[in-house]
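Text of the file query12.pdb, holding PDB, C-alpha atoms:
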MODEL        1
ATOM      1  CA  MET I 239      65.145 -74.868 -20.417
ATOM      2  CA  GLU I 240      63.129 -72.069 -18.839
ATOM      3  CA  ALA I 241      64.583 -70.787 -15.574
ATOM      4  CA  ILE I 242      62.161 -71.378 -12.696
ATOM      5  CA  ILE I 243      64.620 -71.300  -9.813
ATOM      6  CA  THR I 244      63.173 -69.445  -6.816
ATOM      7  CA  PRO I 245      66.099 -68.569  -4.505
ATOM      8  CA  PHE I 246      64.062 -68.382  -1.289
ATOM      9  CA  ARG I 247      62.366 -71.740  -1.850
ATOM     10  CA  VAL I 248      65.681 -73.378  -2.739
ATOM     11  CA  VAL I 249      67.423 -72.064   0.403
ATOM     12  CA  TYR I 250      64.462 -73.058   2.571
ATOM     13  CA  ARG I 251      64.288 -76.574   1.079
ATOM     14  CA  VAL I 252      68.058 -77.083   1.422
ATOM     15  CA  PHE I 253      67.829 -76.054   5.070
ATOM     16  CA  LEU I 254      64.955 -78.504   5.612
ATOM     17  CA  PHE I 255      66.912 -81.298   3.970
ATOM     18  CA  LEU I 256      70.000 -80.676   6.097
ATOM     19  CA  ALA I 257      67.887 -80.558   9.249
ATOM     20  CA  VAL I 258      66.102 -83.818   8.409
ATOM     21  CA  ALA I 259      69.384 -85.457   7.356
ATOM     22  CA  THR I 260      70.982 -84.519  10.678
ATOM     23  CA  ILE I 261      68.148 -86.053  12.677
ATOM     24  CA  TYR I 262      68.245 -89.097  10.383
ATOM     25  CA  PHE I 263      71.954 -89.631  11.045
ATOM     26  CA  VAL I 264      71.423 -89.394  14.797
ATOM     27  CA  SER I 265      68.514 -91.861  14.741
ATOM     28  CA  ALA I 266      70.392 -94.274  12.458
ATOM     29  CA  PHE I 267      73.433 -94.164  14.726
ATOM     30  CA  TYR I 268      71.153 -94.986  17.656
ATOM     31  CA  VAL I 269      69.857 -97.993  15.684
ATOM     32  CA  HIS I 270      73.437 -99.046  15.014
ATOM     33  CA  LEU I 271      74.231 -98.934  18.743
ATOM     34  CA  THR I 272      71.088-100.585  20.067
ATOM     35  CA  VAL I 273      70.029-103.206  17.513
ATOM     36  CA  LYS I 274      72.126-106.371  17.458
ATOM     37  CA  GLY I 275      72.401-108.875  14.638
ATOM     38  CA  VAL I 276      72.875-108.234  10.930
ATOM     39  CA  ASN I 277      69.326-108.829   9.736
ATOM     40  CA  PRO I 278      67.507-107.105  12.639
ATOM     41  CA  ARG I 279      69.789-104.100  12.174
ATOM     42  CA  ARG I 280      69.201-103.978   8.409
ATOM     43  CA  ARG I 281      65.450-104.096   8.944
ATOM     44  CA  ALA I 282      65.651-101.396  11.623
ATOM     45  CA  PHE I 283      67.810 -99.233   9.341
ATOM     46  CA  SER I 284      65.289 -99.588   6.519
ATOM     47  CA  ASP I 285      62.272 -98.885   8.739
ATOM     48  CA  ASN I 286      64.002 -95.846  10.194
ATOM     49  CA  ALA I 287      64.942 -94.487   6.758
ATOM     50  CA  ALA I 288      61.367 -94.925   5.529
ATOM     51  CA  LYS I 289      60.147 -92.492   8.180
ATOM     52  CA  TYR I 290      62.491 -89.816   6.876
ATOM     53  CA  THR I 291      61.879 -90.421   3.173
ATOM     54  CA  LYS I 292      58.169 -90.050   3.896
ATOM     55  CA  LEU I 293      58.870 -86.835   5.804
ATOM     56  CA  ILE I 294      60.967 -85.431   2.935
ATOM     57  CA  CYS I 295      58.144 -86.198   0.497
ATOM     58  CA  GLU I 296      55.709 -84.311   2.723
ATOM     59  CA  LEU I 297      58.021 -81.333   3.273
ATOM     60  CA  TYR I 298      58.853 -81.080  -0.447
ATOM     61  CA  ASN I 299      55.192 -81.480  -1.448
ATOM     62  CA  ILE I 300      55.820 -84.704  -3.363
ATOM     63  CA  LYS I 301      52.395 -86.315  -3.610
ATOM     64  CA  ILE I 302      52.004 -90.040  -4.222
ATOM     65  CA  GLU I 303      49.156 -91.920  -5.871
ATOM     66  CA  VAL I 304      49.484 -95.679  -5.288
ATOM     67  CA  HIS I 305      47.650 -98.417  -7.158
ATOM     68  CA  ASN I 306      47.496-102.132  -6.248
ATOM     69  CA  PHE I 307      50.077-102.142  -3.461
ATOM     70  CA  PRO I 308      51.122-105.780  -2.795
ATOM     71  CA  LYS I 309      49.244-107.282   0.129
ATOM     72  CA  GLY I 310      50.971-109.008   3.015
ATOM     73  CA  ASN I 311      54.641-109.023   3.890
ATOM     74  CA  ASP I 312      55.925-111.818   1.688
ATOM     75  CA  PRO I 313      59.555-111.355   0.620
ATOM     76  CA  GLY I 314      60.254-110.614  -3.008
ATOM     77  CA  LEU I 315      62.129-108.574  -5.569
ATOM     78  CA  ILE I 316      60.547-105.176  -6.238
ATOM     79  CA  VAL I 317      61.395-104.175  -9.818
ATOM     80  CA  GLY I 318      60.612-100.895 -11.566
ATOM     81  CA  ASN I 319      61.771 -98.082 -13.802
ATOM     82  CA  HIS I 320      64.126 -95.412 -12.495
ATOM     83  CA  LEU I 321      64.071 -91.674 -13.259
ATOM     84  CA  GLY I 322      66.172 -90.231 -10.417
ATOM     85  CA  PHE I 323      66.296 -89.727  -6.680
ATOM     86  CA  ILE I 324      62.646 -88.629  -6.364
ATOM     87  CA  ASP I 325      61.385 -92.112  -7.193
ATOM     88  CA  ILE I 326      63.801 -93.531  -4.594
ATOM     89  CA  LEU I 327      62.269 -91.285  -1.917
ATOM     90  CA  VAL I 328      58.774 -92.287  -2.983
ATOM     91  CA  MET I 329      59.437 -96.021  -3.230
ATOM     92  CA  HIS I 330      61.338 -96.273   0.044
ATOM     93  CA  SER I 331      58.609 -94.382   1.906
ATOM     94  CA  LEU I 332      56.084 -96.907   0.543
ATOM     95  CA  THR I 333      57.917-100.220   0.742
ATOM     96  CA  LYS I 334      60.651-100.015   3.430
ATOM     97  CA  ALA I 335      62.580-102.391   1.161
ATOM     98  CA  LEU I 336      66.351-102.772   0.959
ATOM     99  CA  PHE I 337      67.570-100.998  -2.156
ATOM    100  CA  ILE I 338      70.288-102.228  -4.476
ATOM    101  CA  THR I 339      72.535 -99.375  -5.547
ATOM    102  CA  SER I 340      76.021 -98.940  -6.948
ATOM    103  CA  GLU I 341      79.451 -98.956  -5.342
ATOM    104  CA  GLU I 342      79.858 -95.539  -6.929
ATOM    105  CA  MET I 343      76.968 -94.295  -4.809
ATOM    106  CA  ARG I 344      78.564 -95.806  -1.720
ATOM    107  CA  LYS I 345      81.687 -93.732  -2.354
ATOM    108  CA  THR I 346      79.780 -90.474  -2.976
ATOM    109  CA  PRO I 347      80.082 -87.971  -0.096
ATOM    110  CA  LEU I 348      76.905 -87.698   1.990
ATOM    111  CA  LEU I 349      74.936 -90.072  -0.262
ATOM    112  CA  GLY I 350      77.217 -92.947   0.719
ATOM    113  CA  ILE I 351      76.538 -92.669   4.434
ATOM    114  CA  ILE I 352      72.829 -92.030   3.829
ATOM    115  CA  THR I 353      72.492 -95.241   1.818
ATOM    116  CA  GLU I 354      74.573 -97.328   4.214
ATOM    117  CA  MET I 355      72.389 -96.247   7.113
ATOM    118  CA  ALA I 356      69.305 -97.230   5.100
ATOM    119  CA  GLY I 357      70.518-100.830   4.813
ATOM    120  CA  CYS I 358      71.244-100.605   1.079
ATOM    121  CA  MET I 359      73.024-103.356  -0.824
ATOM    122  CA  TYR I 360      75.790-102.493  -3.292
ATOM    123  CA  VAL I 361      76.851-103.819  -6.671
ATOM    124  CA  ASP I 362      79.829-102.798  -8.773
ATOM    125  CA  ARG I 363      78.331-101.938 -12.150
ATOM    126  CA  LYS I 364      81.721-101.067 -13.642
ATOM    127  CA  ASN I 365      83.391-104.352 -12.715
ATOM    128  CA  ARG I 366      81.389-107.543 -13.136
ATOM    129  CA  SER I 367      84.034-109.884 -11.728
ATOM    130  CA  ASN I 368      82.032-110.318  -8.510
ATOM    131  CA  ILE I 369      78.606-110.648 -10.131
ATOM    132  CA  LYS I 370      78.105-114.179  -8.761
ATOM    133  CA  GLY I 371      78.866-113.010  -5.234
ATOM    134  CA  GLU I 372      76.500-110.053  -5.583
ATOM    135  CA  LEU I 373      73.772-112.322  -6.948
ATOM    136  CA  GLY I 374      74.306-114.743  -4.062
ATOM    137  CA  SER I 375      74.000-111.927  -1.539
ATOM    138  CA  ILE I 376      70.664-110.812  -3.004
ATOM    139  CA  ILE I 377      69.358-114.400  -3.033
ATOM    140  CA  SER I 378      70.316-114.831   0.641
ATOM    141  CA  THR I 379      68.638-111.542   1.567
ATOM    142  CA  LEU I 380      65.407-112.555  -0.157
ATOM    143  CA  GLN I 381      65.497-115.938   1.573
ATOM    144  CA  ASP I 382      65.969-114.132   4.899
ATOM    145  CA  GLY I 383      62.511-112.603   4.395
ATOM    146  CA  PHE I 384      63.302-109.149   3.016
ATOM    147  CA  ARG I 385      61.816-107.255   0.141
ATOM    148  CA  VAL I 386      64.601-105.946  -2.082
ATOM    149  CA  THR I 387      64.249-103.190  -4.684
ATOM    150  CA  LEU I 388      66.179-103.548  -7.934
ATOM    151  CA  TYR I 389      66.437-101.046 -10.791
ATOM    152  CA  PRO I 390      67.346-103.372 -13.670
ATOM    153  CA  GLU I 391      67.998-100.464 -16.040
ATOM    154  CA  ALA I 392      71.143-100.033 -13.896
ATOM    155  CA  THR I 393      70.861 -96.259 -14.220
ATOM    156  CA  SER I 394      68.211 -93.558 -14.182
ATOM    157  CA  HIS I 395      66.790 -92.259 -17.453
ATOM    158  CA  ASN I 396      65.459 -89.012 -18.915
ATOM    159  CA  GLY I 397      61.765 -89.849 -18.961
ATOM    160  CA  GLU I 398      61.566 -90.644 -22.675
ATOM    161  CA  GLU I 399      61.577 -94.435 -22.465
ATOM    162  CA  VAL I 400      62.229 -97.348 -20.138
ATOM    163  CA  LEU I 401      65.762 -98.531 -20.836
ATOM    164  CA  PRO I 402      66.627-102.185 -21.572
ATOM    165  CA  PHE I 403      66.901-104.334 -18.450
ATOM    166  CA  LYS I 404      70.109-105.946 -17.235
ATOM    167  CA  ARG I 405      69.359-109.614 -16.737
ATOM    168  CA  THR I 406      71.624-111.236 -14.175
ATOM    169  CA  LEU I 407      70.377-109.795 -10.886
ATOM    170  CA  ILE I 408      66.707-110.107 -11.826
ATOM    171  CA  SER I 409      67.215-113.889 -11.759
ATOM    172  CA  SER I 410      67.676-113.693  -7.966
ATOM    173  CA  ALA I 411      63.918-113.952  -7.327
ATOM    174  CA  GLY I 412      63.520-117.265  -9.126
ATOM    175  CA  LEU I 413      66.659-118.688  -7.543
ATOM    176  CA  ALA I 414      65.448-117.598  -4.096
ATOM    177  CA  GLY I 415      61.951-118.965  -4.647
ATOM    178  CA  THR I 416      60.264-115.579  -4.204
ATOM    179  CA  ALA I 417      57.992-113.389  -6.312
ATOM    180  CA  ILE I 418      58.846-110.367  -8.397
ATOM    181  CA  PHE I 419      56.679-107.345  -7.617
ATOM    182  CA  PRO I 420      56.842-105.171 -10.757
ATOM    183  CA  TYR I 421      55.767-101.542 -10.650
ATOM    184  CA  CYS I 422      55.729 -98.531 -12.949
ATOM    185  CA  PHE I 423      56.694 -95.094 -11.661
ATOM    186  CA  ASN I 424      55.293 -92.017 -13.424
ATOM    187  CA  PHE I 425      55.380 -88.280 -12.921
ATOM    188  CA  LYS I 426      51.751 -87.176 -13.296
ATOM    189  CA  SER I 427      52.275 -83.430 -12.943
ATOM    190  CA  VAL I 428      54.891 -80.863 -11.942
ATOM    191  CA  ASN I 429      53.934 -77.457 -10.490
ATOM    192  CA  GLY I 430      50.335 -78.108 -11.516
ATOM    193  CA  GLY I 431      51.255 -78.670 -15.160
ATOM    194  CA  PRO I 432      52.124 -81.723 -17.261
ATOM    195  CA  PHE I 433      55.381 -83.624 -17.024
ATOM    196  CA  ASP I 434      56.960 -82.053 -20.090
ATOM    197  CA  MET I 435      60.330 -80.890 -21.378
ATOM    198  CA  LYS I 436      60.087 -77.675 -19.371
ATOM    199  CA  TYR I 437      60.253 -79.627 -16.117
ATOM    200  CA  ARG I 438      62.043 -82.780 -17.221
ATOM    201  CA  ASP I 439      65.462 -81.750 -15.894
ATOM    202  CA  TYR I 440      63.939 -80.661 -12.581
ATOM    203  CA  VAL I 441      62.662 -84.124 -11.696
ATOM    204  CA  CYS I 442      64.866 -86.535 -13.684
ATOM    205  CA  TRP I 443      68.488 -87.166 -12.697
ATOM    206  CA  TYR I 444      70.335 -88.693 -15.623
ATOM    207  CA  GLY I 445      73.342 -88.501 -17.897
ATOM    208  CA  ASP I 446      75.955 -85.922 -16.927
ATOM    209  CA  ILE I 447      73.675 -84.010 -14.553
ATOM    210  CA  THR I 448      75.324 -83.975 -11.131
ATOM    211  CA  PHE I 449      73.411 -84.872  -7.986
ATOM    212  CA  PHE I 450      73.932 -81.347  -6.618
ATOM    213  CA  THR I 451      72.464 -79.759  -9.749
ATOM    214  CA  SER I 452      69.497 -82.122  -9.804
ATOM    215  CA  PHE I 453      68.878 -81.640  -6.095
ATOM    216  CA  ILE I 454      68.912 -77.829  -6.306
ATOM    217  CA  ARG I 455      66.540 -77.855  -9.268
ATOM    218  CA  SER I 456      64.093 -80.140  -7.469
ATOM    219  CA  CYS I 457      64.167 -77.831  -4.455
ATOM    220  CA  ALA I 458      62.722 -75.049  -6.631
ATOM    221  CA  LEU I 459      59.502 -76.921  -7.394
ATOM    222  CA  LYS I 460      56.220 -76.141  -5.647
ATOM    223  CA  GLU I 461      54.624 -79.552  -6.149
ATOM    224  CA  VAL I 462      55.291 -82.888  -7.799
ATOM    225  CA  VAL I 463      52.541 -85.484  -8.222
ATOM    226  CA  THR I 464      53.788 -89.029  -8.733
ATOM    227  CA  GLU I 465      52.062 -92.287  -9.552
ATOM    228  CA  VAL I 466      53.131 -95.795  -8.565
ATOM    229  CA  ILE I 467      51.305 -98.625 -10.322
ATOM    230  CA  PHE I 468      52.037-102.076  -8.920
ATOM    231  CA  LEU I 469      51.422-104.827 -11.456
ATOM    232  CA  GLU I 470      50.498-108.456 -10.901
ATOM    233  CA  PRO I 471      53.208-110.390  -9.015
ATOM    234  CA  TYR I 472      55.352-112.568 -11.247
ATOM    235  CA  TYR I 473      56.592-115.937 -10.029
ATOM    236  CA  PRO I 474      59.700-116.976 -11.986
ATOM    237  CA  LYS I 475      60.961-120.533 -11.878
ATOM    238  CA  PRO I 476      64.557-121.243 -10.813
ATOM    239  CA  GLU I 477      65.391-122.780 -14.193
ATOM    240  CA  GLN I 478      63.630-120.069 -16.234
ATOM    241  CA  ASP I 479      65.743-118.100 -18.700
ATOM    242  CA  ARG I 480      66.714-114.793 -17.090
ATOM    243  CA  GLY I 481      66.385-112.941 -20.391
ATOM    244  CA  GLU I 482      62.808-114.163 -20.742
ATOM    245  CA  VAL I 483      62.009-112.975 -17.212
ATOM    246  CA  ALA I 484      63.636-109.561 -17.696
ATOM    247  CA  ASP I 485      61.915-108.960 -21.037
ATOM    248  CA  GLU I 486      58.491-109.911 -19.685
ATOM    249  CA  ILE I 487      58.793-107.684 -16.617
ATOM    250  CA  ARG I 488      59.989-104.772 -18.764
ATOM    251  CA  ARG I 489      57.116-105.289 -21.223
ATOM    252  CA  ARG I 490      54.573-105.017 -18.414
ATOM    253  CA  ILE I 491      56.168-101.857 -17.037
ATOM    254  CA  VAL I 492      56.422-100.204 -20.482
ATOM    255  CA  GLU I 493      52.670-100.713 -20.966
ATOM    256  CA  LYS I 494      51.979 -98.431 -17.983
ATOM    257  CA  PHE I 495      54.781 -95.924 -18.482
ATOM    258  CA  LYS I 496      53.869 -92.336 -19.353
ATOM    259  CA  PRO I 497      56.855 -90.645 -21.013
ATOM    260  CA  VAL I 498      57.742 -86.963 -20.790
ATOM    261  CA  MET I 499      55.583 -84.838 -23.092
ATOM    262  CA  LYS I 500      57.597 -83.226 -25.857
ATOM    263  CA  ASN I 501      56.708 -79.613 -26.642
TER     264      ASN I 501
ENDMDL
END
This entry written out as structure tokens:
Amino acid sequence: MEAIITPFRVVYRVFLFLAVATIYFVSAFYVHLTVKGVNPRRRAFSDNAAKYTKLICELYNIKIEVHNFPKGNDPGLIVGNHLGFIDILVMHSLTKALFITSEEMRKTPLLGIITEMAGCMYVDRKNRSNIKGELGSIISTLQDGFRVTLYPEATSHNGEEVLPFKRTLISSAGLAGTAIFPYCFNFKSVNGGPFDMKYRDYVCWYGDITFFTSFIRSCALKEVVTEVIFLEPYYPKPEQDRGEVADEIRRRIVEKFKPVMKN
């Protein structure tokens, strides 16, 4: 991989991130102190976090092209492909939804407190003994009127293909009586050039790459242009086979996905 790290830009971007994160923590703590009730506080946490994810996108020159954003404020399960933390920033700035992430993330220094103060929901992907409880929690949250974002790949990938979908949690929409809002996330260009192997490891966080390494690499980039394509809402039935639902949603997303260009 060609070295494109620019020390000054990296130091400047890290400083910006720490400054924004500090203000975010202060504002989130204020929300915690002043907003009463579980659901009002979760919504306030999410709205507050969306302001700062949008700000980070602007400061880091992450540009967003959005197609067919769902109208209205109806609750539902937002489902899409996952390439790393950049798509989380983009999607949260757009949707203000509650994200489902892992218990491992909750226990990660800095990232854990950031996600908790964004109103995230957690699932234990290494131990499925509580899967029914986790599913029930998502169903209740949808029925309480929230939009919830799920990455059914259960991990981020390297930009080559959309991974197979896990099926259990995607059934929450049908059981809650809400829609699924599928979307496809693409990197359109990086530093003015195509999303190719040269830049893949600067925008995708996957495999054994640590968060710190991925974060520092992303800080070196001048510009990232992303694309979010929302597809037609899907209305699953409570009794519908979860595998059928997961496969259909994945098929629609794969049709719009633009993989990394191989040199």
Which residues of region 393-453 of chain I sit at most 10 Å from region 482-498 of chain I, using all atoms listed in the file? Give each one's shortest atom pair and distance in Å (one decimal place), in chain and ascending residue order, as JSON lines.
{"residue": "I:Asn396", "atom": "CA", "partner": "I:Val498", "partner_atom": "CA", "distance": 8.2}
{"residue": "I:Gly397", "atom": "CA", "partner": "I:Val498", "partner_atom": "CA", "distance": 5.3}
{"residue": "I:Glu398", "atom": "CA", "partner": "I:Pro497", "partner_atom": "CA", "distance": 5.0}
{"residue": "I:Glu399", "atom": "CA", "partner": "I:Pro497", "partner_atom": "CA", "distance": 6.2}
{"residue": "I:Val400", "atom": "CA", "partner": "I:Val492", "partner_atom": "CA", "distance": 6.5}
{"residue": "I:Leu401", "atom": "CA", "partner": "I:Arg488", "partner_atom": "CA", "distance": 8.8}
{"residue": "I:Pro402", "atom": "CA", "partner": "I:Arg488", "partner_atom": "CA", "distance": 7.7}
{"residue": "I:Phe403", "atom": "CA", "partner": "I:Ala484", "partner_atom": "CA", "distance": 6.2}
{"residue": "I:Lys404", "atom": "CA", "partner": "I:Ala484", "partner_atom": "CA", "distance": 7.4}
{"residue": "I:Arg405", "atom": "CA", "partner": "I:Ala484", "partner_atom": "CA", "distance": 5.8}
{"residue": "I:Thr406", "atom": "CA", "partner": "I:Ala484", "partner_atom": "CA", "distance": 8.9}
{"residue": "I:Leu407", "atom": "CA", "partner": "I:Ala484", "partner_atom": "CA", "distance": 9.6}
{"residue": "I:Ile408", "atom": "CA", "partner": "I:Ala484", "partner_atom": "CA", "distance": 6.6}
{"residue": "I:Ser409", "atom": "CA", "partner": "I:Val483", "partner_atom": "CA", "distance": 7.6}
{"residue": "I:Gly412", "atom": "CA", "partner": "I:Val483", "partner_atom": "CA", "distance": 9.3}
{"residue": "I:Ile418", "atom": "CA", "partner": "I:Ile487", "partner_atom": "CA", "distance": 8.6}
{"residue": "I:Phe419", "atom": "CA", "partner": "I:Ile487", "partner_atom": "CA", "distance": 9.3}
{"residue": "I:Pro420", "atom": "CA", "partner": "I:Ile487", "partner_atom": "CA", "distance": 6.7}
{"residue": "I:Tyr421", "atom": "CA", "partner": "I:Ile491", "partner_atom": "CA", "distance": 6.4}
{"residue": "I:Cys422", "atom": "CA", "partner": "I:Ile491", "partner_atom": "CA", "distance": 5.3}
{"residue": "I:Phe423", "atom": "CA", "partner": "I:Phe495", "partner_atom": "CA", "distance": 7.1}
{"residue": "I:Asn424", "atom": "CA", "partner": "I:Lys496", "partner_atom": "CA", "distance": 6.1}
{"residue": "I:Phe425", "atom": "CA", "partner": "I:Lys496", "partner_atom": "CA", "distance": 7.8}
{"residue": "I:Lys426", "atom": "CA", "partner": "I:Lys496", "partner_atom": "CA", "distance": 8.2}
{"residue": "I:Pro432", "atom": "CA", "partner": "I:Val498", "partner_atom": "CA", "distance": 8.5}
{"residue": "I:Phe433", "atom": "CA", "partner": "I:Val498", "partner_atom": "CA", "distance": 5.6}
{"residue": "I:Asp434", "atom": "CA", "partner": "I:Val498", "partner_atom": "CA", "distance": 5.0}
{"residue": "I:Met435", "atom": "CA", "partner": "I:Val498", "partner_atom": "CA", "distance": 6.6}
{"residue": "I:Lys436", "atom": "CA", "partner": "I:Val498", "partner_atom": "CA", "distance": 9.7}
{"residue": "I:Tyr437", "atom": "CA", "partner": "I:Val498", "partner_atom": "CA", "distance": 9.1}
{"residue": "I:Arg438", "atom": "CA", "partner": "I:Val498", "partner_atom": "CA", "distance": 7.0}
Measure the distance from CA of Ala287 (chain I) to CA of Ser265 (chain I) in Å and round it to one decimal. 9.1 Å
Could you tell me, as a PyMOL selection string, exactly which residues end up selected when the PyMOL selection byres ((chain I and resi 334-340) around 9) is applied to this structure? chain I and resi 280-281+284-289+316+326+329-333+341-345+353+356-363+376+384-389+392
Let me see the file: selected residues, C-alpha atoms, as a compact mmCIF listing (two decimals), in the coordinates of the input.
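Contents of the output file again.txt:
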# COMPACT_ATOMS: atom_id res chain seq x y z
CA ARG I 280 69.20 -103.98 8.41
CA ARG I 281 65.45 -104.10 8.94
CA SER I 284 65.29 -99.59 6.52
CA ASP I 285 62.27 -98.88 8.74
CA ASN I 286 64.00 -95.85 10.19
CA ALA I 287 64.94 -94.49 6.76
CA ALA I 288 61.37 -94.92 5.53
CA LYS I 289 60.15 -92.49 8.18
CA ILE I 316 60.55 -105.18 -6.24
CA ILE I 326 63.80 -93.53 -4.59
CA MET I 329 59.44 -96.02 -3.23
CA HIS I 330 61.34 -96.27 0.04
CA SER I 331 58.61 -94.38 1.91
CA LEU I 332 56.08 -96.91 0.54
CA THR I 333 57.92 -100.22 0.74
CA GLU I 341 79.45 -98.96 -5.34
CA GLU I 342 79.86 -95.54 -6.93
CA MET I 343 76.97 -94.30 -4.81
CA ARG I 344 78.56 -95.81 -1.72
CA LYS I 345 81.69 -93.73 -2.35
CA THR I 353 72.49 -95.24 1.82
CA ALA I 356 69.31 -97.23 5.10
CA GLY I 357 70.52 -100.83 4.81
CA CYS I 358 71.24 -100.60 1.08
CA MET I 359 73.02 -103.36 -0.82
CA TYR I 360 75.79 -102.49 -3.29
CA VAL I 361 76.85 -103.82 -6.67
CA ASP I 362 79.83 -102.80 -8.77
CA ARG I 363 78.33 -101.94 -12.15
CA ILE I 376 70.66 -110.81 -3.00
CA PHE I 384 63.30 -109.15 3.02
CA ARG I 385 61.82 -107.26 0.14
CA VAL I 386 64.60 -105.95 -2.08
CA THR I 387 64.25 -103.19 -4.68
CA LEU I 388 66.18 -103.55 -7.93
CA TYR I 389 66.44 -101.05 -10.79
CA ALA I 392 71.14 -100.03 -13.90
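Put simply, CA of Arg279 (chain I) is 15.6 Å away from CA of Leu380 (chain I).
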Shell of 12 Å around Val252 (chain I), all atoms listed in the file, local chain residues under 2 positions omitted, as a list in words: Pro245, Phe246, Arg247, Val248, Val249, Tyr250, Leu254, Phe255, Leu256, Ala257, Val258, Ala259, Ile294, Leu297, Tyr298, Phe450, Phe453, Ile454, Arg455, Ser456, Cys457 and Ala458 of chain I
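In this model, the gap between CA of Val463 (chain I) and CA of Asp325 (chain I) comes to 11.1 Å.
Remark: for Asn319 (chain I), the closest of the candidate residues I:Phe468, I:Tyr440, I:Tyr473, I:Phe283 is I:Phe468 (distances computed over only C-alpha atoms).
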Which one of I:Phe307, I:Gly322, I:Gly371, I:Ile351 sits closest to Ser452 (chain I) if you count all atoms listed in the file? I:Gly322
Given the choices I:Val264, I:Phe253, I:Leu373, I:His395, which gets closest to Gly445 (chain I) if the distance is worked out from only C-alpha atoms? I:His395
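Nearest residue to Met499 (chain I) among I:Ile447, I:Val428, I:Ala411, I:Leu469 is I:Val428, counting only C-alpha atoms.
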Around (54.5, -80.3, 2.9) in the file's own coordinates, what residues are found within 12 Å if you use only C-alpha atoms, given back as a PyMOL selection string? chain I and resi 251+254+292-301+459-462
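Checking I:Asn277, I:Asn429, I:Thr379, I:Ser394 one by one against Pro313 (chain I), counting only C-alpha atoms, you find the shortest gap at I:Thr379.
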Any chance you could model N, CA, C and O atoms for region 357-368 of chain I and send them as a PDB file, keeping the file's coordinate frame?
ATOM      1  N   GLY I 357      70.442 -99.394   5.026  1.00  0.00           N
ATOM      2  CA  GLY I 357      70.518-100.830   4.813  1.00  0.00           C
ATOM      3  C   GLY I 357      70.673-101.235   3.365  1.00  0.00           C
ATOM      4  O   GLY I 357      70.388-102.383   3.000  1.00  0.00           O
ATOM      5  N   CYS I 358      71.123-100.311   2.512  1.00  0.00           N
ATOM      6  CA  CYS I 358      71.244-100.605   1.079  1.00  0.00           C
ATOM      7  C   CYS I 358      72.268-101.700   0.806  1.00  0.00           C
ATOM      8  O   CYS I 358      73.203-101.916   1.580  1.00  0.00           O
ATOM      9  N   MET I 359      72.083-102.365  -0.324  1.00  0.00           N
ATOM     10  CA  MET I 359      73.024-103.356  -0.824  1.00  0.00           C
ATOM     11  C   MET I 359      73.733-102.743  -2.021  1.00  0.00           C
ATOM     12  O   MET I 359      73.141-101.946  -2.765  1.00  0.00           O
ATOM     13  N   TYR I 360      74.991-103.132  -2.259  1.00  0.00           N
ATOM     14  CA  TYR I 360      75.790-102.493  -3.292  1.00  0.00           C
ATOM     15  C   TYR I 360      76.276-103.494  -4.326  1.00  0.00           C
ATOM     16  O   TYR I 360      76.637-104.630  -4.001  1.00  0.00           O
ATOM     17  N   VAL I 361      76.284-103.033  -5.575  1.00  0.00           N
ATOM     18  CA  VAL I 361      76.851-103.819  -6.671  1.00  0.00           C
ATOM     19  C   VAL I 361      77.813-102.924  -7.445  1.00  0.00           C
ATOM     20  O   VAL I 361      77.617-101.713  -7.538  1.00  0.00           O
ATOM     21  N   ASP I 362      78.839-103.533  -7.990  1.00  0.00           N
ATOM     22  CA  ASP I 362      79.829-102.798  -8.773  1.00  0.00           C
ATOM     23  C   ASP I 362      79.460-102.918 -10.244  1.00  0.00           C
ATOM     24  O   ASP I 362      79.727-103.930 -10.883  1.00  0.00           O
ATOM     25  N   ARG I 363      78.826-101.880 -10.776  1.00  0.00           N
ATOM     26  CA  ARG I 363      78.331-101.938 -12.150  1.00  0.00           C
ATOM     27  C   ARG I 363      79.435-101.724 -13.177  1.00  0.00           C
ATOM     28  O   ARG I 363      79.231-101.930 -14.350  1.00  0.00           O
ATOM     29  N   LYS I 364      80.605-101.287 -12.719  1.00  0.00           N
ATOM     30  CA  LYS I 364      81.721-101.067 -13.642  1.00  0.00           C
ATOM     31  C   LYS I 364      82.665-102.268 -13.712  1.00  0.00           C
ATOM     32  O   LYS I 364      83.500-102.357 -14.600  1.00  0.00           O
ATOM     33  N   ASN I 365      82.537-103.166 -12.751  1.00  0.00           N
ATOM     34  CA  ASN I 365      83.391-104.352 -12.715  1.00  0.00           C
ATOM     35  C   ASN I 365      82.522-105.557 -12.366  1.00  0.00           C
ATOM     36  O   ASN I 365      82.046-105.668 -11.237  1.00  0.00           O
ATOM     37  N   ARG I 366      82.312-106.423 -13.318  1.00  0.00           N
ATOM     38  CA  ARG I 366      81.389-107.543 -13.136  1.00  0.00           C
ATOM     39  C   ARG I 366      82.080-108.805 -12.651  1.00  0.00           C
ATOM     40  O   ARG I 366      81.497-109.885 -12.675  1.00  0.00           O
ATOM     41  N   SER I 367      83.299-108.694 -12.160  1.00  0.00           N
ATOM     42  CA  SER I 367      84.034-109.884 -11.728  1.00  0.00           C
ATOM     43  C   SER I 367      83.397-110.542 -10.505  1.00  0.00           C
ATOM     44  O   SER I 367      83.576-111.738 -10.271  1.00  0.00           O
ATOM     45  N   ASN I 368      82.643-109.771  -9.721  1.00  0.00           N
ATOM     46  CA  ASN I 368      82.032-110.318  -8.510  1.00  0.00           C
ATOM     47  C   ASN I 368      80.524-110.485  -8.658  1.00  0.00           C
ATOM     48  O   ASN I 368      79.799-110.523  -7.671  1.00  0.00           O
TER      49      ASN I 368
END
